[in-house]
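As stored in work_38.cif (mmCIF, C-alpha atoms):
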data_my_file
#
loop_
_atom_site.label_atom_id
_atom_site.label_comp_id
_atom_site.auth_asym_id
_atom_site.auth_seq_id
_atom_site.Cartn_x
_atom_site.Cartn_y
_atom_site.Cartn_z
CA MET A 75 36.21 -41.99 25.92
CA ARG A 76 34.91 -44.81 23.81
CA ARG A 77 32.96 -43.78 20.71
CA ILE A 78 29.82 -45.56 21.86
CA ASP A 79 29.97 -43.62 25.15
CA ALA A 80 30.31 -40.36 23.22
CA ILE A 81 27.29 -41.30 21.11
CA ARG A 82 25.32 -42.25 24.24
CA ALA A 83 26.15 -38.95 25.95
CA VAL A 84 24.76 -36.99 23.00
CA VAL A 85 21.73 -39.24 22.56
CA GLU A 86 20.78 -38.68 26.21
CA GLU A 87 20.60 -34.96 25.43
CA LEU A 88 18.36 -35.36 22.37
CA ASN A 89 14.81 -34.14 22.21
CA GLY A 90 13.34 -34.42 18.73
CA GLU A 91 16.51 -33.48 16.85
CA LEU A 92 17.18 -35.10 13.48
CA VAL A 93 20.33 -37.22 13.55
CA VAL A 94 22.40 -38.19 10.51
CA CYS A 95 24.94 -40.88 11.32
CA ASN A 96 28.05 -41.86 9.46
CA ILE A 97 28.41 -45.20 7.68
CA GLY A 98 29.71 -48.32 9.40
CA PHE A 99 30.14 -48.98 13.10
CA PRO A 100 29.05 -45.48 14.26
CA SER A 101 25.57 -46.15 12.85
CA ARG A 102 25.50 -49.62 14.41
CA GLU A 103 26.56 -48.16 17.76
CA LEU A 104 23.91 -45.43 17.55
CA TYR A 105 21.26 -48.02 16.70
CA SER A 106 22.23 -50.14 19.69
CA VAL A 107 22.31 -47.13 22.05
CA LYS A 108 18.89 -45.91 20.98
CA ASP A 109 17.00 -46.46 17.77
CA ARG A 110 14.77 -43.50 16.82
CA ASP A 111 12.63 -42.71 13.79
CA ALA A 112 14.58 -39.45 13.66
CA ASN A 113 17.89 -41.30 13.08
CA PHE A 114 19.13 -41.52 9.50
CA TYR A 115 21.67 -44.33 9.35
CA MET A 116 23.99 -44.06 6.36
CA LEU A 117 24.76 -47.36 4.69
CA GLY A 118 27.01 -46.21 1.84
CA SER A 119 28.34 -42.98 0.31
CA MET A 120 31.16 -42.54 2.80
CA GLY A 121 31.93 -38.89 3.42
CA LEU A 122 28.46 -37.48 2.88
CA ALA A 123 27.00 -37.44 6.42
CA SER A 124 27.69 -33.75 7.00
CA SER A 125 26.53 -32.86 3.49
CA ILE A 126 23.22 -34.64 4.08
CA GLY A 127 23.00 -32.79 7.39
CA LEU A 128 23.50 -29.47 5.58
CA GLY A 129 20.72 -30.22 3.08
CA LEU A 130 18.41 -31.13 5.94
CA ALA A 131 19.28 -28.09 8.02
CA LEU A 132 18.59 -25.81 5.04
CA SER A 133 15.19 -27.40 4.38
CA THR A 134 13.69 -27.87 7.83
CA GLU A 135 13.31 -25.75 10.94
CA ARG A 136 14.37 -28.67 13.09
CA GLN A 137 17.69 -28.97 14.87
CA VAL A 138 20.03 -31.33 12.97
CA VAL A 139 22.87 -33.30 14.55
CA VAL A 140 25.48 -35.13 12.47
CA PHE A 141 27.77 -37.86 13.77
CA ASP A 142 30.65 -37.79 11.33
CA GLY A 143 34.05 -39.46 11.47
CA ASP A 144 37.64 -38.41 10.85
CA GLY A 145 38.13 -40.65 7.84
CA SER A 146 34.82 -39.58 6.35
CA LEU A 147 35.45 -35.88 6.86
CA LEU A 148 38.90 -36.22 5.32
CA MET A 149 37.22 -37.76 2.29
CA ASN A 150 34.95 -34.72 1.85
CA LEU A 151 36.80 -31.78 3.42
CA GLY A 152 35.16 -29.39 0.97
CA SER A 153 31.86 -30.03 2.75
CA LEU A 154 33.12 -28.08 5.77
CA VAL A 155 33.76 -25.07 3.52
CA THR A 156 30.23 -25.17 2.09
CA ILE A 157 28.65 -25.68 5.51
CA ALA A 158 30.60 -22.84 7.14
CA ASN A 159 29.57 -20.46 4.37
CA GLN A 160 25.92 -21.54 4.26
CA ALA A 161 25.96 -21.43 8.08
CA PRO A 162 22.53 -22.79 9.06
CA ARG A 163 22.04 -22.12 12.76
CA ASN A 164 20.24 -25.42 13.32
CA LEU A 165 23.21 -27.69 12.52
CA THR A 166 25.68 -29.33 14.91
CA ILE A 167 28.45 -31.47 13.46
CA ILE A 168 30.13 -33.88 15.83
CA ALA A 169 33.36 -35.37 14.49
CA LEU A 170 33.99 -38.63 16.32
CA ASP A 171 37.73 -38.70 15.78
CA ASN A 172 39.54 -41.93 16.58
CA GLY A 173 42.43 -41.25 14.22
CA SER A 174 41.66 -44.38 12.27
CA TYR A 175 39.46 -46.15 9.77
CA ALA A 176 37.95 -48.36 12.45
CA SER A 177 35.23 -49.94 10.32
CA THR A 178 37.74 -51.32 7.82
CA GLY A 179 40.36 -52.72 10.16
CA GLY A 180 41.80 -49.77 12.07
CA GLN A 181 44.18 -48.32 9.48
CA PRO A 182 45.50 -44.98 10.85
CA SER A 183 44.02 -41.77 9.43
CA TYR A 184 45.95 -38.50 9.15
CA THR A 185 44.20 -37.05 12.19
CA ALA A 186 46.45 -39.44 14.12
CA GLY A 187 49.31 -37.54 12.46
CA LYS A 188 49.67 -33.80 11.93
CA THR A 189 46.10 -32.91 11.04
CA ASN A 190 43.62 -31.32 13.44
CA LEU A 191 39.99 -31.25 12.32
CA ALA A 192 39.04 -28.47 14.75
CA GLU A 193 41.66 -26.21 13.16
CA ILE A 194 40.41 -27.15 9.71
CA ALA A 195 36.83 -26.32 10.75
CA ARG A 196 37.96 -22.93 12.09
CA SER A 197 39.81 -22.05 8.92
CA ALA A 198 36.87 -23.25 6.82
CA GLY A 199 34.89 -20.53 8.59
CA PHE A 200 33.15 -22.21 11.54
CA GLU A 201 32.79 -19.69 14.35
CA ASN A 202 31.70 -22.14 17.05
CA VAL A 203 34.24 -24.91 17.41
CA PHE A 204 34.45 -27.09 20.52
CA GLU A 205 36.86 -29.83 21.50
CA ALA A 206 35.96 -32.63 23.89
CA GLU A 207 38.07 -35.43 25.29
CA THR A 208 35.68 -36.66 27.98
CA VAL A 209 32.00 -37.48 28.07
CA ASP A 210 31.34 -34.50 30.36
CA GLU A 211 33.16 -32.11 28.02
CA LEU A 212 31.19 -33.46 25.09
CA ARG A 213 27.87 -33.06 26.90
CA GLU A 214 28.76 -29.48 27.80
CA ALA A 215 29.91 -28.67 24.26
CA PHE A 216 26.71 -30.15 22.81
CA ARG A 217 24.55 -27.98 25.08
CA LYS A 218 26.49 -24.84 24.12
CA ALA A 219 26.37 -25.75 20.43
CA LYS A 220 22.58 -25.56 20.08
CA GLY A 221 21.15 -22.62 18.19
CA GLU A 222 24.32 -21.75 16.25
CA LEU A 223 26.17 -23.63 13.54
CA SER A 224 28.76 -25.61 15.48
CA PHE A 225 31.53 -28.11 15.05
CA ILE A 226 32.49 -30.40 17.92
CA LEU A 227 35.67 -32.42 17.73
CA ALA A 228 35.21 -35.40 20.05
CA LYS A 229 38.43 -37.37 20.49
CA VAL A 230 37.53 -41.03 21.00
CA GLU A 231 39.45 -44.27 21.50
CA ARG A 232 40.13 -46.58 18.61
CA GLY A 233 37.98 -49.64 18.17
CA ASN A 234 34.35 -50.56 17.82
CA ALA A 235 31.76 -51.76 20.30
CA ASP A 236 30.50 -55.31 19.80
CA VAL A 237 27.15 -54.41 18.26
CA PRO A 238 25.09 -56.13 15.56
CA VAL A 239 24.26 -54.96 12.06
CA ILE A 240 21.19 -52.70 11.79
CA PRO A 241 18.23 -54.92 10.84
CA LEU A 242 16.35 -52.20 8.94
CA SER A 243 16.02 -51.93 5.17
CA PRO A 244 17.32 -48.71 3.60
CA TYR A 245 13.82 -47.87 2.44
CA LYS A 246 12.41 -48.26 5.93
CA ILE A 247 15.14 -46.02 7.39
CA LYS A 248 14.25 -43.35 4.86
CA ARG A 249 10.48 -43.68 5.09
CA ARG A 250 10.17 -43.43 8.86
CA PHE A 251 12.73 -40.58 8.94
CA MET A 252 10.67 -38.58 6.43
CA GLU A 253 7.44 -39.41 8.22
CA PHE A 254 8.97 -38.14 11.44
CA ILE A 255 9.91 -34.86 9.76
CA ARG A 256 6.40 -34.48 8.34
CA GLY A 257 5.01 -35.00 11.84
CA GLU A 258 3.41 -38.34 11.03
CA ARG A 259 5.48 -40.09 13.69
CA CYS A 260 6.70 -38.92 17.05
CA MET B 109 16.99 -18.50 -24.29
CA LEU B 110 18.60 -21.60 -22.79
CA ALA B 111 18.65 -20.14 -19.30
CA THR B 112 15.03 -18.97 -19.26
CA THR B 113 13.94 -22.29 -20.78
CA ILE B 114 15.72 -24.24 -18.04
CA LEU B 115 14.53 -22.00 -15.20
CA SER B 116 10.91 -22.03 -16.37
CA ALA B 117 11.05 -25.81 -16.75
CA LEU B 118 12.45 -26.18 -13.22
CA LEU B 119 9.52 -24.17 -11.86
CA LYS B 120 7.10 -26.30 -13.88
CA ALA B 121 8.77 -29.38 -12.41
CA LYS B 122 8.18 -27.88 -8.91
CA VAL B 123 11.90 -27.83 -8.16
CA ASP B 124 12.59 -25.65 -5.12
CA PHE B 125 16.18 -26.47 -4.17
CA ALA B 126 19.32 -26.48 -6.34
CA VAL B 127 22.90 -27.45 -5.79
CA SER B 128 25.55 -26.73 -8.35
CA VAL B 129 29.16 -26.88 -9.34
CA PRO B 130 29.79 -24.13 -11.87
CA ALA B 131 29.43 -25.03 -15.56
CA SER B 132 29.84 -22.45 -18.32
CA LEU B 133 26.73 -23.68 -20.15
CA PHE B 134 24.69 -23.00 -16.99
CA ALA B 135 26.35 -19.67 -16.09
CA GLU B 136 23.19 -17.62 -16.72
CA VAL B 137 20.97 -20.20 -14.99
CA LEU B 138 23.15 -20.07 -11.87
CA GLU B 139 23.17 -16.28 -11.94
CA LYS B 140 19.38 -15.99 -12.12
CA ILE B 141 18.17 -19.04 -10.22
CA GLY B 142 17.66 -17.10 -6.99
CA GLU B 143 15.22 -14.76 -8.78
CA TYR B 144 13.03 -17.78 -9.49
CA GLY B 145 12.60 -18.51 -5.79
CA ILE B 146 14.78 -21.63 -5.89
CA LYS B 147 17.13 -22.02 -2.93
CA HIS B 148 20.62 -22.41 -4.42
CA VAL B 149 23.70 -23.89 -2.75
CA THR B 150 27.05 -23.89 -4.51
CA VAL B 151 29.10 -26.93 -3.52
CA THR B 152 32.80 -27.66 -3.89
CA ARG B 153 32.40 -31.00 -5.62
CA GLU B 154 29.54 -32.89 -7.24
CA GLU B 155 29.54 -35.78 -4.76
CA GLU B 156 29.04 -33.32 -1.94
CA GLY B 157 26.15 -31.83 -3.92
CA VAL B 158 24.47 -35.22 -4.17
CA GLY B 159 24.63 -35.44 -0.37
CA VAL B 160 23.25 -31.93 0.16
CA ALA B 161 20.44 -32.61 -2.33
CA ALA B 162 19.60 -35.89 -0.57
CA GLY B 163 19.34 -34.06 2.75
CA ALA B 164 17.09 -31.45 1.15
CA TYR B 165 14.85 -34.20 -0.23
CA LEU B 166 14.61 -35.85 3.19
CA GLY B 167 13.63 -32.44 4.54
CA GLY B 168 10.76 -32.17 2.04
CA LYS B 169 12.31 -30.33 -0.93
CA ARG B 170 12.47 -31.19 -4.63
CA PRO B 171 16.14 -30.75 -5.52
CA VAL B 172 18.06 -30.45 -8.76
CA ILE B 173 21.81 -30.74 -9.24
CA LEU B 174 23.45 -28.77 -12.03
CA MET B 175 26.89 -29.82 -13.18
CA GLN B 176 29.14 -30.68 -16.10
CA ASN B 177 29.41 -34.25 -17.27
CA SER B 178 32.92 -34.37 -15.78
CA GLY B 179 31.13 -34.14 -12.43
CA LEU B 180 29.20 -37.31 -13.14
CA GLY B 181 32.40 -39.23 -12.52
CA ASN B 182 32.86 -37.37 -9.25
CA CYS B 183 29.50 -38.42 -7.85
CA LEU B 184 28.73 -41.82 -9.29
CA ASN B 185 29.23 -43.78 -6.08
CA ALA B 186 26.91 -41.45 -4.17
CA LEU B 187 24.21 -41.72 -6.85
CA LEU B 188 24.28 -45.48 -6.43
CA SER B 189 25.09 -46.09 -2.76
CA LEU B 190 22.95 -43.21 -1.47
CA ASN B 191 20.17 -42.35 -3.94
CA LYS B 192 19.62 -45.81 -5.41
CA THR B 193 20.12 -47.62 -2.13
CA PHE B 194 17.58 -45.57 -0.16
CA GLY B 195 15.27 -44.56 -3.00
CA ILE B 196 16.15 -40.87 -2.96
CA PRO B 197 15.07 -38.99 -6.09
CA LEU B 198 17.28 -36.43 -7.79
CA LEU B 199 16.86 -34.42 -10.97
CA MET B 200 20.25 -33.99 -12.61
CA LEU B 201 20.96 -31.40 -15.29
CA VAL B 202 24.23 -32.41 -16.87
CA ALA B 203 25.96 -30.01 -19.24
CA GLN B 204 27.63 -32.05 -21.93
CA ARG B 205 31.20 -31.15 -22.74
CA GLY B 206 33.32 -33.19 -25.09
CA TRP B 207 30.62 -32.91 -27.72
CA ARG B 208 30.63 -31.17 -31.10
CA LYS B 209 33.19 -28.40 -31.56
CA GLU B 210 34.83 -29.15 -28.21
CA LYS B 211 38.08 -27.21 -28.02
CA ILE B 212 39.47 -28.69 -24.80
CA VAL B 213 40.94 -32.10 -25.46
CA ALA B 214 40.59 -33.26 -21.84
CA GLN B 215 36.79 -32.95 -22.08
CA ILE B 216 36.50 -35.52 -24.84
CA PRO B 217 37.02 -38.86 -23.02
CA MET B 218 34.39 -38.10 -20.37
CA GLY B 219 32.13 -36.60 -23.01
CA GLU B 220 32.24 -39.87 -24.93
CA ALA B 221 31.75 -41.95 -21.79
CA THR B 222 28.85 -39.99 -20.27
CA ILE B 223 25.97 -41.90 -21.81
CA PRO B 224 27.62 -45.35 -21.46
CA ILE B 225 28.24 -44.57 -17.76
CA LEU B 226 24.60 -43.59 -17.21
CA LYS B 227 23.49 -46.77 -18.98
CA ALA B 228 25.86 -48.95 -16.94
CA ALA B 229 24.61 -47.36 -13.72
CA CYS B 230 20.96 -47.85 -14.78
CA ILE B 231 20.31 -44.13 -14.34
CA PRO B 232 17.53 -43.05 -16.74
CA PHE B 233 18.48 -40.11 -18.94
CA TYR B 234 17.07 -37.78 -21.57
CA VAL B 235 18.95 -36.08 -24.39
CA PRO B 236 16.72 -33.24 -25.59
CA GLY B 237 17.35 -32.03 -29.15
CA SER B 238 15.54 -28.69 -28.98
CA LEU B 239 14.49 -26.10 -26.43
CA GLN B 240 10.90 -27.44 -26.52
CA GLU B 241 12.14 -30.95 -25.83
CA LEU B 242 14.33 -29.60 -23.06
CA THR B 243 11.30 -28.13 -21.26
CA LEU B 244 9.20 -31.27 -21.68
CA GLN B 245 11.99 -33.61 -20.70
CA ILE B 246 13.04 -31.67 -17.60
CA VAL B 247 9.45 -31.89 -16.34
CA GLU B 248 9.19 -35.56 -17.31
CA ALA B 249 12.57 -36.43 -15.79
CA ALA B 250 11.57 -34.79 -12.51
CA GLU B 251 8.30 -36.73 -12.42
CA LEU B 252 10.10 -39.97 -13.19
CA ALA B 253 12.64 -39.26 -10.45
CA TRP B 254 9.91 -38.62 -7.87
CA VAL B 255 7.63 -41.46 -8.84
CA LYS B 256 10.40 -44.06 -9.15
CA GLU B 257 12.52 -42.54 -6.33
CA LEU B 258 15.66 -42.52 -8.47
CA PRO B 259 18.23 -40.12 -9.86
CA VAL B 260 17.30 -39.13 -13.43
CA ALA B 261 19.57 -37.14 -15.75
CA VAL B 262 18.88 -34.64 -18.51
CA ILE B 263 21.90 -34.15 -20.76
CA VAL B 264 22.04 -30.53 -21.89
CA ARG B 265 24.09 -29.88 -25.00
CA GLY B 266 25.26 -26.47 -26.12
CA GLY B 267 23.58 -24.81 -29.10
CA LEU B 268 20.03 -26.09 -28.52
CA LYS B 269 17.53 -24.18 -30.69
CA SER B 270 13.77 -23.90 -30.74
CA GLU B 271 11.85 -26.20 -33.13
CA GLU B 272 10.99 -23.21 -35.37
CA ASP B 273 14.62 -22.19 -35.76
CA ARG B 274 15.66 -25.74 -36.51
CA ARG B 275 13.55 -25.82 -39.70
CA TYR B 276 15.73 -23.24 -41.40
#

Here is the file; what I need is its structure written in the form of structure tokens.
Amino acid sequence: MRRIDAIRAVVEELNGELVVCNIGFPSRELYSVKDRDANFYMLGSMGLASSIGLGLALSTERQVVVFDGDGSLLMNLGSLVTIANQAPRNLTIIALDNGSYASTGGQPSYTAGKTNLAEIARSAGFENVFEAETVDELREAFRKAKGELSFILAKVERGNADVPVIPLSPYKIKRRFMEFIRGERC
Amino acid sequence: MLATTILSALLKAKVDFAVSVPASLFAEVLEKIGEYGIKHVTVTREEEGVGVAAGAYLGGKRPVILMQNSGLGNCLNALLSLNKTFGIPLLMLVAQRGWRKEKIVAQIPMGEATIPILKAACIPFYVPGSLQELTLQIVEAAELAWVKELPVAVIVRGGLKSEEDRRY
């Protein structure tokens, strides 16, 4: 499956969940699939999507969904350890794994080699780990994941969709996201 | 005294969420922080903590990060490309190693570089010289962080005394 199709499959299932999206093309693809006030598009700080998701999940009652990437998770593997031990039930982490650093030119990542992120999540302490290679498998995993801390490894093809840069200022992304959480937007 | 001073100041500053990487100067703070009703998350690395704190802020909390100054180097990019980029406030309590009477030689270079790094990154900072100043400056730093939507640091040095004790 293409990454943008994986993102679309999850977005079609959303109903008020907060979404934190990884830096680079994943955020651009999410924006082009469906922009929502409840989407937090990362613009820098590679590796911190799941950590931001943890902070959110521990401070709100809302369901939180994170689109992370293989390269980004490899940059902050410790975050999986913290998340598994804190274990908020309202957090779903989706690792969109294309085995490469697609936003910077497609250099291979180690998940294209010997490393399996689902196994890492399990040994970090995640009890609900799903693996999806098709859009249908991903949709099913996402439905099962709700209500318990979960990690979904979604294997996606290399490459990026031809989508434009997000035309929102960082401040606007933050402001409307926080207003949505406070119930000032719907 | 240092621990109760810090914890009381955090309450005064309306801090309700803490992330930390262990620091010996903050050992007692980290042990007791839960008793003060502050949600506390230990993280594996300071940069991760900046992310968790940012998420907590987005979710409506007032977070603090507690760490050693060595951790400042581990989280600098996040402080700039996350907090400064989006306008996400963060109160940072930074235990200063590599200061007077430092016994571990590896702490000295980062100790010397801490304030120049904060200056270069345009991160406002306070260096309290007594326990009274520590209280006031933690509260002020938190207010500055929230009003200006920035990370703001308070450098905490070992051996801080109260104003009365300093006179003798």

From (25.7, -25.1, -17.4), in the file's coordinates, out to 9 Å: which residues are reached, counting all atoms listed in the file? Answer as a ChimeraX atom specification. /B:111,129-138,174-176,201-204,264,266

Residue selection dump (C-alpha atoms) as a CSV table (one decimal), in the frame of the given file:
chain,number,residue,atom,x,y,z
B,111,ALA,CA,18.6,-20.1,-19.3
B,129,VAL,CA,29.2,-26.9,-9.3
B,130,PRO,CA,29.8,-24.1,-11.9
B,131,ALA,CA,29.4,-25.0,-15.6
B,132,SER,CA,29.8,-22.4,-18.3
B,133,LEU,CA,26.7,-23.7,-20.2
B,134,PHE,CA,24.7,-23.0,-17.0
B,135,ALA,CA,26.4,-19.7,-16.1
B,136,GLU,CA,23.2,-17.6,-16.7
B,137,VAL,CA,21.0,-20.2,-15.0
B,138,LEU,CA,23.2,-20.1,-11.9
B,174,LEU,CA,23.4,-28.8,-12.0
B,175,MET,CA,26.9,-29.8,-13.2
B,176,GLN,CA,29.1,-30.7,-16.1
B,201,LEU,CA,21.0,-31.4,-15.3
B,202,VAL,CA,24.2,-32.4,-16.9
B,203,ALA,CA,26.0,-30.0,-19.2
B,204,GLN,CA,27.6,-32.0,-21.9
B,264,VAL,CA,22.0,-30.5,-21.9
B,266,GLY,CA,25.3,-26.5,-26.1

What residues in chain B have any atom no more than 12 Å from chain A when counting only C-alpha atoms, and can you write them as a PyMOL selection string? chain B and resi 124-129+146-171+182-197+257

Please list as a PyMOL selection string every residue within 10 Å of Phe216 (chain A), counting only C-alpha atoms and excluding residues in the same chain fewer than 6 positions away. chain A and resi 83-84+87-88+139+166-168+204+206+210+224-226

Expressed in Å to a single decimal, how great is the separation between CA of Glu222 (chain A) and CA of Val138 (chain A)? 11.0 Å

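CA of Asp144 (chain A) is found 12.9 Å from CA of Lys188 (chain A).
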
Residue rebuild result region 253-268 of chain B, N, CA and C atoms as a PDB file, in the coordinates of the input:
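And here's part34.pdb as it stands now:
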ATOM      1  N   ALA B 253      11.788 -39.175 -11.634  1.00  0.00           N
ATOM      2  CA  ALA B 253      12.640 -39.260 -10.450  1.00  0.00           C
ATOM      3  C   ALA B 253      11.787 -39.410  -9.195  1.00  0.00           C
ATOM      4  N   TRP B 254      10.718 -38.600  -9.098  1.00  0.00           N
ATOM      5  CA  TRP B 254       9.910 -38.620  -7.870  1.00  0.00           C
ATOM      6  C   TRP B 254       9.036 -39.854  -7.755  1.00  0.00           C
ATOM      7  N   VAL B 255       8.496 -40.279  -8.890  1.00  0.00           N
ATOM      8  CA  VAL B 255       7.630 -41.460  -8.840  1.00  0.00           C
ATOM      9  C   VAL B 255       8.454 -42.720  -8.588  1.00  0.00           C
ATOM     10  N   LYS B 256       9.580 -42.844  -9.270  1.00  0.00           N
ATOM     11  CA  LYS B 256      10.400 -44.060  -9.150  1.00  0.00           C
ATOM     12  C   LYS B 256      11.430 -43.953  -8.013  1.00  0.00           C
ATOM     13  N   GLU B 257      11.551 -42.776  -7.419  1.00  0.00           N
ATOM     14  CA  GLU B 257      12.520 -42.540  -6.330  1.00  0.00           C
ATOM     15  C   GLU B 257      13.943 -42.911  -6.758  1.00  0.00           C
ATOM     16  N   LEU B 258      14.375 -42.238  -7.821  1.00  0.00           N
ATOM     17  CA  LEU B 258      15.660 -42.520  -8.470  1.00  0.00           C
ATOM     18  C   LEU B 258      16.329 -41.222  -8.899  1.00  0.00           C
ATOM     19  N   PRO B 259      17.635 -41.254  -9.139  1.00  0.00           N
ATOM     20  CA  PRO B 259      18.230 -40.120  -9.860  1.00  0.00           C
ATOM     21  C   PRO B 259      17.915 -40.256 -11.353  1.00  0.00           C
ATOM     22  N   VAL B 260      17.575 -39.151 -11.992  1.00  0.00           N
ATOM     23  CA  VAL B 260      17.300 -39.130 -13.430  1.00  0.00           C
ATOM     24  C   VAL B 260      18.041 -37.939 -14.039  1.00  0.00           C
ATOM     25  N   ALA B 261      18.732 -38.187 -15.155  1.00  0.00           N
ATOM     26  CA  ALA B 261      19.570 -37.140 -15.750  1.00  0.00           C
ATOM     27  C   ALA B 261      18.958 -36.563 -17.018  1.00  0.00           C
ATOM     28  N   VAL B 262      19.167 -35.280 -17.220  1.00  0.00           N
ATOM     29  CA  VAL B 262      18.880 -34.640 -18.510  1.00  0.00           C
ATOM     30  C   VAL B 262      20.212 -34.095 -19.012  1.00  0.00           C
ATOM     31  N   ILE B 263      20.640 -34.598 -20.163  1.00  0.00           N
ATOM     32  CA  ILE B 263      21.900 -34.150 -20.760  1.00  0.00           C
ATOM     33  C   ILE B 263      21.612 -32.872 -21.547  1.00  0.00           C
ATOM     34  N   VAL B 264      22.285 -31.800 -21.196  1.00  0.00           N
ATOM     35  CA  VAL B 264      22.040 -30.530 -21.890  1.00  0.00           C
ATOM     36  C   VAL B 264      23.248 -30.205 -22.751  1.00  0.00           C
ATOM     37  N   ARG B 265      23.002 -30.175 -24.059  1.00  0.00           N
ATOM     38  CA  ARG B 265      24.090 -29.880 -25.000  1.00  0.00           C
ATOM     39  C   ARG B 265      24.036 -28.433 -25.420  1.00  0.00           C
ATOM     40  N   GLY B 266      25.199 -27.868 -25.685  1.00  0.00           N
ATOM     41  CA  GLY B 266      25.260 -26.470 -26.120  1.00  0.00           C
ATOM     42  C   GLY B 266      24.606 -26.302 -27.486  1.00  0.00           C
ATOM     43  N   GLY B 267      24.117 -25.102 -27.769  1.00  0.00           N
ATOM     44  CA  GLY B 267      23.580 -24.810 -29.100  1.00  0.00           C
ATOM     45  C   GLY B 267      22.173 -25.303 -29.359  1.00  0.00           C
ATOM     46  N   LEU B 268      21.414 -25.654 -28.314  1.00  0.00           N
ATOM     47  CA  LEU B 268      20.030 -26.090 -28.520  1.00  0.00           C
ATOM     48  C   LEU B 268      19.206 -24.922 -29.065  1.00  0.00           C
TER      49      LEU B 268
END
